[in-house]
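The structure appears right after this line, and notes come after that.
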There are 2 protein chains.
Amino acid sequence: MDNRAIGVFDSGLGGLTAVRRMHEIMPEESIIYFGDTGRVPYGTRGRDTIIKYTLQDINFLMQYDLKAIVVACNTASAAALDTVRGECPVPVFGTVEPSCDKARSVTKNGRIGVIGTAATVRSGVFERSLCGAEPALHVRTLACPLFVPLVENGRVQRGDIVIETVVREYLQPMRDAGVDTLILGCTHYPLLRDVIADFMGGGVTLVDSGAEAANAVRRAVAPAADGAGKTRYFVSDDPAGFSQLASLFLQEDVSGPAGLVDISAY
Amino acid sequence: MDNRAIGVFDSGLGGLTAVRRMHEIMPEESIIYFGDTGRVPYGTRGRDTIIKYTLQDINFLMQYDLKAIVVACNTASAAALDTVRGECPVPVFGTVEPSCDKARSVTKNGRIGVIGTAATVRSGVFERSLCGAEPALHVRTLACPLFVPLVENGRVQRGDIVIETVVREYLQPMRDAGVDTLILGCTHYPLLRDVIADFMGGGVTLVDSGAEAANAVRRAVAPAADGAGKTRYFVSDDPAGFSQLASLFLQEDVSGPAGLVDISAY
């Protein structure tokens with residue numbers, strides 16, 4: 001038994017899709033969530049900036065008595081995890097390795113696609129992780145920079161010509177490449193699951209990177225005692241507006257505003 | 001004659017549409033441009049954060065020997081100008097007042113529309129500026145949160161179903177309201193001029209807020225001596241990627257990378 005909390009952070013609120021999964025599979029755990037809403041998005045920024053922001057996010061979380069940290073942001077996982085892991089006194093779980101493990105276990109034809117932000121794709125870590133373990137895999141990565149703003153503006157429904165057009169344009173090369181497994185390498189993308197699944201077709205398995213990170217931390221850490229854990233939320237901007245957008249990602253009601261953090265001070 | 005430079009800043013690179021106008025109408029002026037690309041966008045953030053970021057932007061620029069500062073960002077102009085103007089030792093020109101002056105001078109039916117970011121619209125400054133001077137005006141404001149990411153992803157062309165759909169959805173209420181003048185209250189929006197003009201129709205005058213800020217500073221400051229001024233560019237992220245996106249906004253080639261600034265230190 002280990003009743004210490006698990007820290008989770010993301011550039012914004014997309015990481016709440018990982019928290020949602022944690023609430024489902026490990027409701028006894030207490031969670032400290034930080035969303036860097038004052039500097040979101042990370043996915044369009046350069047590597048040095050992403051590393052700097054990620055270290056500050058971890059420094060903030062490490063003020064609490066934690067047993068693990070989940071980097072619920074593919075951009076930070078891809079660009080900064082190797083750098084920050086060595087500097088953190090508790091285990092750090094990213095989204096990349098668990099997603100790659102899952103994708104390798106489900107692919108039948110050895111053709112795996114990865115979609116994510118520009119920074120995630122530029123990093124090359126998905127290819128390295130997938131092919132490092134299994135060199136014969138065919139891996140295709142693709143940046144989908146409009147998905148995050150479209151999700152944040154609620155353009156996630158079937159029948160919306162805007163999101164359907166952008167999904168088709170971005171993902172046609174994935175369909176042409178014949179992938180049977182597609183890693184949703186950004187924690188915003190599970191909200192586009194229906195539209196992406198419709199376009200890719202029923203034969204393609206979608207891997208939810210936030211959920212896989214949650215699965216990984218559950219397998220690795222000593223659980224808390226039975227009973228309901230408590231989740232506390234912090235953001236670096238607009239705590240009053242947190243609840244509304246948060247409930248979109250969590251698919252559950254969030255009561256009250258989040259705490260406000262001056263993240264540049266960490 | 002005053003050969004000191006003019007400082008210009010924006011949350012990102014949209015403010016370069018103001019620099020473009022300055023290059024046209026006052027080529028003898030030297031310009032120091034700062035784009036806060038490490039924290040862009042401002043338009044989705046809360047007021048306190050926008051004020052904090054704007055003060056840091058001005059503190060950075062004030063290291064140089066300036067005769068004026070142009071806030072080439074409607075969000076910062078709307079949310080922070082009143083606060084920062086008192087703390088700045090040189091004249092500060094925003095986008096709001098010059099745009100409103102222009103709109104009042106061109107409207108025939110007294111119906112003026114303003115489009116901008118969520119933060120700009122929430123601030124209410126365009127209504128106050130327009131109606132404070134002329135209470136009988138009918139002013140309609142509208143947030144267009146997807147315009148900035150769509151512009152930054154190059155979705156600006158006539159015939160692009162994505163931008164045309166979003167323009168139609170956002171601007172239908174403006175057409176219904178019968179405005180004859182529409183303030184493009186975000187320095188990204190001039191890149192959408194063709195698509196917006198097509199939808200609004202030939203009877204509607206579009207006011208370019210960045211260009212109007214440039215016109216205002218030209219009218220107010222003592223000019224530099226004849227000869228070509230020099231423009232220097234600084235950003236808070238990804239200086240190497242600056243040139244490509246910058247040339248989109250400037251419509252001229254930008255040689256070499258921009259300088260990198262750790263803006264949180266100001």
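Identifiers in the structure tokens: chain A, B, ... in order shown; residue index from 1 per chain; ligand index from 1 in order shown.
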
Residues of chain B within 8 Å of chain A, counting only C-alpha atoms, as a ChimeraX atom specification
/B:37-40,45-46,49,145-146,149-150,153,161-162,165-166,237-238,264

At most 12 Å is the cut-off: for each residue in range 120-225 of chain B with any atom that close to an atom of range 86-91 of chain B, write down the nearest atom pair and the distance in Å rounded to one decimal, counting only C-alpha atoms, chain first then increasing number, as CSV.
```
residue,atom,partner,partner_atom,distance
B:Ala216,CA,B:Pro91,CA,11.4
B:Val217,CA,B:Pro91,CA,9.2
B:Ala220,CA,B:Pro91,CA,9.2
B:Val221,CA,B:Pro91,CA,8.9
B:Ala222,CA,B:Pro91,CA,11.8
```

Report as a PyMOL selection string all protein, DNA and RNA residues lying within 12 Å of Val125 in chain A, evaluated on only C-alpha atoms, omitting residues in the same chain fewer than 2 positions from it.
chain A and resi 74-82+94-97+99-100+114+116+119-123+127-132+139+141+185

Atoms to include: C-alpha atoms. Write the selected residues as a PDB file, in the first residue's frame.
```pdb
ATOM      1  CA  ASN A  74       2.852  13.348 -25.889  1.00  0.00           C
ATOM      2  CA  THR A  75       4.783  16.455 -26.875  1.00  0.00           C
ATOM      3  CA  ALA A  76       6.511  16.631 -23.479  1.00  0.00           C
ATOM      4  CA  SER A  77       6.959  12.844 -23.409  1.00  0.00           C
ATOM      5  CA  ALA A  78       8.503  12.879 -26.859  1.00  0.00           C
ATOM      6  CA  ALA A  79      10.746  15.912 -26.522  1.00  0.00           C
ATOM      7  CA  ALA A  80      11.682  15.988 -22.850  1.00  0.00           C
ATOM      8  CA  LEU A  81      11.182  12.654 -21.064  1.00  0.00           C
ATOM      9  CA  ASP A  82      14.741  11.404 -21.468  1.00  0.00           C
ATOM     10  CA  GLY A  94       5.263   8.997 -20.348  1.00  0.00           C
ATOM     11  CA  THR A  95       2.791   8.240 -23.091  1.00  0.00           C
ATOM     12  CA  VAL A  96       5.196   7.026 -25.756  1.00  0.00           C
ATOM     13  CA  GLU A  97       6.466   3.674 -24.459  1.00  0.00           C
ATOM     14  CA  SER A  99       1.463   3.329 -26.537  1.00  0.00           C
ATOM     15  CA  CYS A 100       4.213   1.644 -28.537  1.00  0.00           C
ATOM     16  CA  VAL A 114       1.370   7.575 -35.314  1.00  0.00           C
ATOM     17  CA  GLY A 116       0.633  13.838 -33.074  1.00  0.00           C
ATOM     18  CA  ALA A 119       6.991  18.637 -32.038  1.00  0.00           C
ATOM     19  CA  THR A 120       6.070  15.021 -31.309  1.00  0.00           C
ATOM     20  CA  VAL A 121       6.555  13.956 -34.915  1.00  0.00           C
ATOM     21  CA  ARG A 122       9.793  15.956 -35.258  1.00  0.00           C
ATOM     22  CA  SER A 123      11.258  14.200 -32.203  1.00  0.00           C
ATOM     23  CA  GLU A 127       9.824   5.428 -34.605  1.00  0.00           C
ATOM     24  CA  ARG A 128      12.785   4.785 -32.311  1.00  0.00           C
ATOM     25  CA  SER A 129      10.648   3.143 -29.639  1.00  0.00           C
ATOM     26  CA  LEU A 130       8.666   0.996 -32.081  1.00  0.00           C
ATOM     27  CA  CYS A 131      11.497  -0.062 -34.371  1.00  0.00           C
ATOM     28  CA  GLY A 132      14.101  -0.301 -31.627  1.00  0.00           C
ATOM     29  CA  VAL A 139       6.036   3.013 -39.006  1.00  0.00           C
ATOM     30  CA  THR A 141       4.238   9.322 -38.455  1.00  0.00           C
ATOM     31  CA  GLY A 185      -0.209  10.362 -30.077  1.00  0.00           C
TER      32      GLY A 185
END
```

Spatial neighbours of Gln244 in chain B, max dist 9 Å, only C-alpha atoms, sep filter under 4 positions, as number ranges by chain:
B: 240, 248, 253-254

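Atom pair CA of Tyr266 in chain A / CA of Leu16 in chain A: separated by 22.1 Å.
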